[in-house]
Amino acid sequence: MSKPLRFKHKKKRYALPEPGTTPGFVYIDVNSLKPKINLYSFSADTFDVVELNSLRDIAKRTKDTSAFYWVEIKGLNSAELFNVFSEELKIHKLVLEDITRTYHRPKFEEYEGYNFAVSRMLRLGEDGGLENQQVSFIQTKNVLYTFQETYDDCLDAVRNRLREGKGNIRIGGTGYLMYAIMDMIVDAYFSVLSEWSEDMDLIEDRLLARPDKSVMYDMQLVKRNLIALRRVIWPERDKMNDILRTDSDLISDQTKMFIKDAYDHCVQLMDMVESMKEIASSNIDMYLSIISNRMNEIMKVLTIISSIFIPLTFIAGIYGMNFAKQDPVTGKIMPGNMPELYVANGYEYTLLVMAFIALVQIIFFWRKGWFK
Amino acid sequence: MSKPLRFKHKKKRYALPEPGTTPGFVYIDVNSLKPKINLYSFSADTFDVVELNSLRDIAKRTKDTSAFYWVEIKGLNSAELFNVFSEELKIHKLVLEDITRTYHRPKFEEYEGYNFAVSRMLRLGEDGGLENQQVSFIQTKNVLYTFQETYDDCLDAVRNRLREGKGNIRIGGTGYLMYAIMDMIVDAYFSVLSEWSEDMDLIEDRLLARPDKSVMYDMQLVKRNLIALRRVIWPERDKMNDILRTDSDLISDQTKMFIKDAYDHCVQLMDMVESMKEIASSNIDMYLSIISNRMNEIMKVLTIISSIFIPLTFIAGIYGMNFAKQDPVTGKIMPGNMPELYVANGYEYTLLVMAFIALVQIIFFWRKGWFK
Amino acid sequence: MSKPLRFKHKKKRYALPEPGTTPGFVYIDVNSLKPKINLYSFSADTFDVVELNSLRDIAKRTKDTSAFYWVEIKGLNSAELFNVFSEELKIHKLVLEDITRTYHRPKFEEYEGYNFAVSRMLRLGEDGGLENQQVSFIQTKNVLYTFQETYDDCLDAVRNRLREGKGNIRIGGTGYLMYAIMDMIVDAYFSVLSEWSEDMDLIEDRLLARPDKSVMYDMQLVKRNLIALRRVIWPERDKMNDILRTDSDLISDQTKMFIKDAYDHCVQLMDMVESMKEIASSNIDMYLSIISNRMNEIMKVLTIISSIFIPLTFIAGIYGMNFAKQDPVTGKIMPGNMPELYVANGYEYTLLVMAFIALVQIIFFWRKGWFK
Amino acid sequence: MSKPLRFKHKKKRYALPEPGTTPGFVYIDVNSLKPKINLYSFSADTFDVVELNSLRDIAKRTKDTSAFYWVEIKGLNSAELFNVFSEELKIHKLVLEDITRTYHRPKFEEYEGYNFAVSRMLRLGEDGGLENQQVSFIQTKNVLYTFQETYDDCLDAVRNRLREGKGNIRIGGTGYLMYAIMDMIVDAYFSVLSEWSEDMDLIEDRLLARPDKSVMYDMQLVKRNLIALRRVIWPERDKMNDILRTDSDLISDQTKMFIKDAYDHCVQLMDMVESMKEIASSNIDMYLSIISNRMNEIMKVLTIISSIFIPLTFIAGIYGMNFAKQDPVTGKIMPGNMPELYVANGYEYTLLVMAFIALVQIIFFWRKGWFK
Amino acid sequence: MSKPLRFKHKKKRYALPEPGTTPGFVYIDVNSLKPKINLYSFSADTFDVVELNSLRDIAKRTKDTSAFYWVEIKGLNSAELFNVFSEELKIHKLVLEDITRTYHRPKFEEYEGYNFAVSRMLRLGEDGGLENQQVSFIQTKNVLYTFQETYDDCLDAVRNRLREGKGNIRIGGTGYLMYAIMDMIVDAYFSVLSEWSEDMDLIEDRLLARPDKSVMYDMQLVKRNLIALRRVIWPERDKMNDILRTDSDLISDQTKMFIKDAYDHCVQLMDMVESMKEIASSNIDMYLSIISNRMNEIMKVLTIISSIFIPLTFIAGIYGMNFAKQDPVTGKIMPGNMPELYVANGYEYTLLVMAFIALVQIIFFWRKGWFK
């Protein structure tokens, strides 16, 4: 972990719905990216990919039922794009709204003739902050449409497997392809978690070596990240479960066996997140106890030194007083009113008394275990 | 957030039922607002709105089954109004009691020939306090009655969409209209939450920059607001779920798809509230650890200064003592009993010893890391 | 809230079963009240109430199936009374045991020919303590028997409605009458909660104005009261639910609509109790943070004053030392060994140095923000 | 509570299974008690009890189907005993293993021809520690076998009722007898809880009167006892529920009504345990706040006294300095360099200034409320 | 517990899936152990074990349906091995992936013709750290394949029972053998827990005798270990439950009775873990209160000594001042300006006043109970 941890959580401000817009309103964020569209067509033996400028005539382009298609859309800033979905492909406008409002929890919904799903793709950014984008899926019999907010993603491995035809990916249909992408996204959670786990180890080392305020800040930051991650994983698991239990004929039983595997991964992740949260909490407790302990140590030093020297100073103060005799006749003032002062070796005796008092106190503190 | 946060939670004291009133008793709060009644009549192509003075003959006015009607009632201070519902429209008196007792949780209930629902409309007032009013719905085949406590609300957007005929609002029937209003109310929760989220960011900034008592107060205030909001959202979600699962023929399947969307929004809101609550708690922990840390710093200053100077003062006190010799013959008292005092350069040596002691202590504290 | 709050929770020591008694043993507490019995007979148009000395022949007195009867029994100290139930009315002895052991949770049970239910009636006593008595119900086709521990209760409103024939109370049968009494008891919880809510506001005011130990005590007292109330409301809600789902023909569907209303009230109460508990907890946190803050303030005062004056006192101590020259020849001791002392205006310079040191420290503390 | 509370929890070290033993292995603890066996035979009108030396021929002895039998086995240290069960009575070896491994949770299991159940009998020992032994039941049509670890128990009341023929105990069959014993065991939990409740009251009194370390220890001890008790009551309730829902013909419907009563007792107990745990937690919070408060008081005393006297001591130090004039000619050193010292009544003025400074500080602390 | 406890939790870094590998990819960790394979063949009367170099022809070797086989594979570093499973035995590649990715939660899955299960074997290593390896099971009609990561395990007892033919192990089929191994693994959890329980007792003793920082560290370490163990036991219980409810004909009803027993053990373990976690938490609370208490004691010593001696030192300082008379004529400076100094026995009176002040303070502190 070379990057510094920052306490301040970087928040993505979602474009929340302005109250009053029509339900099903397709929201185009003018600050978002213009779409790049790739059309992958593949079957057991063939593979092709072309870049499209527009989705017009997409129905015609994907009419060959002996092949499967993946229409990958990166960037959502195009009203025209969504018109195609709405008018040509008859996608429900609530689905389109959900695609454009990119703050949705993972979910899976069945519609007539197609399925709709949402995943959340997490990545650690350059600055250690968590990037969290929505990936939406529309799955028909032989076409899978995916929508993502940015051009970067963690799906290159899927594209390579598609190109090379490894495993089931070309023959499992759109259901398997959707699974493959979702599984890749879930796998990326493991990377994120693993990095945070290392961060936590480093923080723990600092906690034991030199616990200062920043340890607390960083631990809280990790805890928050875990809270954020948990908010993604729980509905992700529910989504997987919904897919497992669907009777949609777009998801084959073979694919469901793989989905069950992804479901297990989500449960695994939840376990890890919960354990890490418990460990973070226990580290915060530890930090607080370390502070208390340190306070005790500081107070012990103060108390030992004050308790020893304050009484001695008092004794010195006594013998620094100027009591004197006044000759009742002449009114002349002369020393001689404090007999101890004039005893032979009085000074040495006093020092011995002082040493004795100090010794008694040191023994007292020693027995209380304050020197440990 | 220009308005100041106040710790003291503004509570709305509900008119709780006086024990002993007959169940189903319609309670008229004499301090509440007199009703204003609007009758909207609309179909796919027509739209009209008139203000009514009374509900008498409402059945006649809404008898045209080819149109839909929305009877909007703002202000509940009229016994006569509720008589119409009870006698002319045969609404169950428990329903009317629930409308007039404005402290109900969101709920949805089916009755013979009509549905009854309750929402809670939240708004941030001028002073940053949360205004929380009850909106009740009676939905029949072609008339939707709504009841609210005040004249102000967040429903203008719905009225505009009705006037302009945007989307499904004129053709979806009373079920869709009820959904549209409920959805607007839920959307307003997002605004409230978003404002609190900004408040929390500001509080967090203060927490890191200059954590004083007011940070704790404000954080607690936000936490309480979140507790209050949660109390509204949970039953709101349950209500949406009840509507989804109802087999009342007053709610069409198309409308249920929209209700599912509103249900998702409630789940989203719950997620956000829970996360914000966790963050608020973690900030309070942080605050407490900051206070403890600061205490440590204060004590360190005290301990360092006291530990260094108290022993030195003691030494100075020693050499300020007045031990003296007394001539055994003349009884005359003369200095000379404290040999160190008369050593050549004794003073300078003493200062050196003091400096050495101070140095040893400074090194000791340095190594303990107390100067950081 | 004029009455003082006391930390010590007044506990009612229930007569717990001595291990070893036969199950179904009717326990007569000799310290409890002798029974007072009222027999209310009523129908839509008639109403009569007589006081009975004994329950003998109660079956004959209530044989008119065109009327309904309410047999109200206040005080349980009579073995003969329970013999009538056991022998004449064939009530199961476990039911009678439950009536006499007055520590039961709210519940609803069906038996052959009758229903049995338990409610807990709460009232704030004169001294602010919570009085908690058991009200038991045996409901047959046309007779409702109620049992309570004391002569005082909160049911006068029900008796008045019965006398005046308001609402459904005379025509709804024994099921509705039982509902009316249970509803009244639940309504009384609202009063209790409302009073505690005001107590909590007052405590909160004290918390912000002058937080002393008693604030903590009182807040804990409220929290405990809430814990006790929660213990009553949860099973009360479950009881209402059991009645809603019963298929006993002694509870009509109309009555169930009212029971649904009472059920909603219980849920409302649970909501309120949970929120108040959360607020109480957050106030306790607040109190602890206030104490910590105050400690910080105290320590700041000590540290500022000590840090400024202890070094200055040391300097004064230095120049109070008695180092002197000793004439090597005469052995005479004379001042002159501490050169600074004899510098012209040395005293004034010293004061200036002291003022400078103090100033530096004041600036140091100022910058640390300790004077705020 | 005359006996002293001890923090250290007395743990019973169970003979945990050594990994590797065959499942169903009957474990004979050589340190346990040799069995004492009583055979009770009873019917509505007859009752007899004999002590047996061995279980051989137990099948013959209990063959009279018109009577019921209770075979009571105290002490499990006999391999021969379990051979009888295994070979003569054909009891499953897993059941026998469960009887001999005495660390099982309460449970109820049906086997062919018999039921098996486990209860845990709790008693407060002489020293206030909790004794926790396993009671196992094998119930056949007309014989109930019970197994307990020690000779002492809390079942004498059941034996007396059996001898005297009170209630249903002789006519309810083996099911009712098993219920009667289980109910007695659950009743004993109330005694334990009631004693702890009194302990807690005493601890609370000490908490308010003189809160020292031992209060914390004792409160933690009670909390732990409650945790241990809860571990017994939850599965006990589940066991009762299992019996209620069994369709074994060895448990009659009449008996189930009594089991329902015992089930209610378990729920009651859980309620009490949870409340007591919450109260214990709130007392621990209270204790911590009392410690913090006390720290505040200690610091106030220190701060007030130090703040007042340290500056005054500094002033006294100033006028104890020995600044002097040195005659530039003779080099003679004479007082006279600190003009205030020689002002007429300078001493009195100084004292007044000191008194004034002290007064200002006292007013300052007074206004901060530190003298309360 | 002779081995030292270390705070730092030893973590096993699992080979997490690199994002992008094909699902069902058999991952061979080059750092893992080469496989050792044993083939046990047994029936009621026969037993044989041979070591195999390769799994080739395993189908032929296990074709005798009158016997059962256990193929034990220790070490997973062989791609060829998994090829046999994939090609010869037609095991699903997701199963093989799960076997090679050794970070799975306990689970049970049915496939066509075989069952797949995962257990986690826990052992305390030499250094007190927890070793956690995955044991996977593939169970067919007459062959059980087990896979483990290391050569060491806790299964010798099972092998011995198999060799000696004790109990059901040779006649219960592969289901019983799988149960026997799983049961052994669960039994080992008891050993681990029992050792931690002893550790916790030792820590508790130290907590009461000399609570220093290391107590907190060790307690947190135990708490973490418990968190880790809980993560294993919960899914283990769910696995047992899944086996209980399976209708696979590879698991007989007799075996399920044993599985029920193992299920009970898991519940028992969960109980113990939860209780120990609660006790660990309560010990941490105790530790914090002990620190606070100790702080109070330290502060009391400081406050008592400072409060007594600081005012006395001030008095001594007063009479150490050098106020003097200046002869208005000669300008000569002479003592005499501080009348108390020249009173006869003024010194003795002053000492008495000092003693009186000290006494008053001592009484004051005594009454506050600070000397206890």
# chains A, B, ... in the order shown; residues from 1 in each chain; ligands from 1
>>> interface_residues(of="chain D", to="chain B", cutoff="12 Å", atoms="only C-alpha atoms", output="NGL selection string")
:D and (299 or 303 or 306 or 310 or 313-314 or 317 or 320-322)
>>> residues_around(residues="segment 90-98 of chain B", least_positions_apart="6", cutoff="6 Å", atoms="only C-alpha atoms", output="PyMOL selection string")
chain B and resi 24-26
>>> write_last_selection(atoms="N, CA and C atoms", output="compact mmCIF listing (two decimals), in the first residue's frame")
# COMPACT_ATOMS: atom_id res chain seq x y z
N GLY B 24 -63.33 4.13 16.38
CA GLY B 24 -64.01 4.62 15.19
C GLY B 24 -64.56 6.03 15.36
N PHE B 25 -64.19 6.67 16.46
CA PHE B 25 -64.64 8.04 16.70
C PHE B 25 -63.84 9.00 15.81
N VAL B 26 -64.56 9.81 15.05
CA VAL B 26 -63.89 10.76 14.15
C VAL B 26 -63.48 11.98 14.96
>>> select_by_dssp(residues="segment 80-329 of chain C", states="strand (DSSP E or B)", output="MDAnalysis selection string")
chainID C and resid 107:111 114:124 130:139 143:148 325:326
>>> atom_distance(atom1="atom CA of Ser307 of chain D", atom2="atom CA of Leu352 of chain E")
24.4 Å
>>> atom_distance(atom1="atom CA of Glu109 of chain D", atom2="atom CA of Thr174 of chain E")
25.6 Å
>>> residues_around(residues="Leu312 of chain D", least_positions_apart="4", cutoff="10 Å", atoms="only C-alpha atoms", output="mmCIF file with C-alpha atoms, in the first residue's frame")
data_model
loop_
_atom_site.group_PDB
_atom_site.id
_atom_site.type_symbol
_atom_site.label_atom_id
_atom_site.label_comp_id
_atom_site.auth_asym_id
_atom_site.auth_seq_id
_atom_site.Cartn_x
_atom_site.Cartn_y
_atom_site.Cartn_z
ATOM 1 C CA PHE C 309 3.723 29.547 37.208
ATOM 2 C CA THR C 313 8.536 29.949 40.667
ATOM 3 C CA SER D 306 -3.201 24.113 42.604
ATOM 4 C CA SER D 307 -4.590 27.018 40.645
ATOM 5 C CA ILE D 308 -5.071 29.113 43.720
ATOM 6 C CA ALA D 316 6.033 34.767 47.657
ATOM 7 C CA GLY D 317 8.989 33.373 45.740
ATOM 8 C CA ILE D 318 9.519 36.706 44.024
ATOM 9 C CA THR D 350 1.326 41.952 49.104
ATOM 10 C CA LEU D 351 -0.925 39.834 51.307
ATOM 11 C CA VAL D 353 -2.937 41.319 46.467
ATOM 12 C CA MET D 354 -2.608 37.610 47.134
ATOM 13 C CA ALA D 355 -6.025 37.480 48.789
ATOM 14 C CA ILE D 357 -5.981 36.906 43.315
ATOM 15 C CA ALA D 358 -7.293 33.958 45.333
ATOM 16 C CA PRO E 311 -0.756 25.426 50.405
ATOM 17 C CA PHE E 314 2.882 28.764 50.068
ATOM 18 C CA ILE E 315 2.852 29.612 53.762
ATOM 19 C CA GLY E 317 7.079 30.944 51.003
ATOM 20 C CA ILE E 318 5.317 33.839 52.690
#
>>> closest_residue(among="D:Ser191, D:Ser119, D:Ser197, D:Thr62", to="Glu236 of chain D", atoms="only C-alpha atoms")
D:Ser119
>>> atom_distance(atom1="atom CA of Ile279 of chain E", atom2="atom CA of Leu229 of chain C")
28.2 Å
>>> residues_around(residues="Leu244 of chain D", least_positions_apart="6", cutoff="10 Å", atoms="only C-alpha atoms", output="ChimeraX atom specification")
/D:238,251-253,255-260,263
>>> write_last_selection(atoms="N, CA and C atoms", output="PDB file, in the first residue's frame")
ATOM      1  N   ASP D 238     -37.199 -24.558  22.901  1.00  0.00           N
ATOM      2  CA  ASP D 238     -37.307 -25.271  21.621  1.00  0.00           C
ATOM      3  C   ASP D 238     -37.735 -26.708  21.853  1.00  0.00           C
ATOM      4  N   ILE D 251     -47.361 -39.017  23.587  1.00  0.00           N
ATOM      5  CA  ILE D 251     -47.671 -37.742  24.253  1.00  0.00           C
ATOM      6  C   ILE D 251     -49.136 -37.426  23.944  1.00  0.00           C
ATOM      7  N   SER D 252     -50.008 -37.485  24.935  1.00  0.00           N
ATOM      8  CA  SER D 252     -51.437 -37.262  24.681  1.00  0.00           C
ATOM      9  C   SER D 252     -51.739 -35.770  24.539  1.00  0.00           C
ATOM     10  N   ASP D 253     -52.889 -35.461  23.965  1.00  0.00           N
ATOM     11  CA  ASP D 253     -53.265 -34.058  23.789  1.00  0.00           C
ATOM     12  C   ASP D 253     -53.462 -33.353  25.127  1.00  0.00           C
ATOM     13  N   THR D 255     -51.800 -33.918  27.820  1.00  0.00           N
ATOM     14  CA  THR D 255     -50.451 -33.597  28.290  1.00  0.00           C
ATOM     15  C   THR D 255     -49.901 -32.394  27.545  1.00  0.00           C
ATOM     16  N   LYS D 256     -50.217 -32.315  26.258  1.00  0.00           N
ATOM     17  CA  LYS D 256     -49.700 -31.185  25.476  1.00  0.00           C
ATOM     18  C   LYS D 256     -50.208 -29.849  26.010  1.00  0.00           C
ATOM     19  N   MET D 257     -51.444 -29.840  26.547  1.00  0.00           N
ATOM     20  CA  MET D 257     -51.922 -28.589  27.138  1.00  0.00           C
ATOM     21  C   MET D 257     -51.023 -28.165  28.287  1.00  0.00           C
ATOM     22  N   PHE D 258     -50.561 -29.149  29.040  1.00  0.00           N
ATOM     23  CA  PHE D 258     -49.654 -28.815  30.136  1.00  0.00           C
ATOM     24  C   PHE D 258     -48.278 -28.402  29.604  1.00  0.00           C
ATOM     25  N   ILE D 259     -47.846 -29.092  28.558  1.00  0.00           N
ATOM     26  CA  ILE D 259     -46.566 -28.726  27.941  1.00  0.00           C
ATOM     27  C   ILE D 259     -46.616 -27.286  27.438  1.00  0.00           C
ATOM     28  N   LYS D 260     -47.771 -26.901  26.885  1.00  0.00           N
ATOM     29  CA  LYS D 260     -47.941 -25.516  26.430  1.00  0.00           C
ATOM     30  C   LYS D 260     -47.702 -24.545  27.594  1.00  0.00           C
ATOM     31  N   TYR D 263     -44.122 -24.393  28.215  1.00  0.00           N
ATOM     32  CA  TYR D 263     -43.546 -23.581  27.146  1.00  0.00           C
ATOM     33  C   TYR D 263     -43.678 -22.099  27.496  1.00  0.00           C
TER      34      TYR D 263
END
>>> residues_around(residues="segment 198-200 of chain D", least_positions_apart="3", cutoff="8 Å", atoms="only C-alpha atoms", output="list of chain:residue names")
D:Met1, D:Ser194, D:Glu195, D:Ile203, D:Glu204, D:Met219, D:Val222, D:Ala280
>>> select_by_dssp(residues="segment 151-342 of chain A", states="helix (DSSP H, G or I)", output="ChimeraX atom specification")
/A:156-164,173-209,213-245,253-318,339-342
>>> residues_around(residues="Met216 of chain B", least_positions_apart="5", cutoff="8 Å", atoms="only C-alpha atoms", output="list in words")
Ile284 and Tyr287 of chain B; Met286 of chain C
>>> write_last_selection(atoms="C-alpha atoms", output="PDB file, in the first residue's frame")
ATOM      1  CA  ILE B 284     -19.313   9.778  17.393  1.00  0.00           C
ATOM      2  CA  TYR B 287     -15.170  12.309  18.404  1.00  0.00           C
TER       3      TYR B 287
ATOM      4  CA  MET C 286     -23.979  12.460  25.045  1.00  0.00           C
TER       5      MET C 286
END
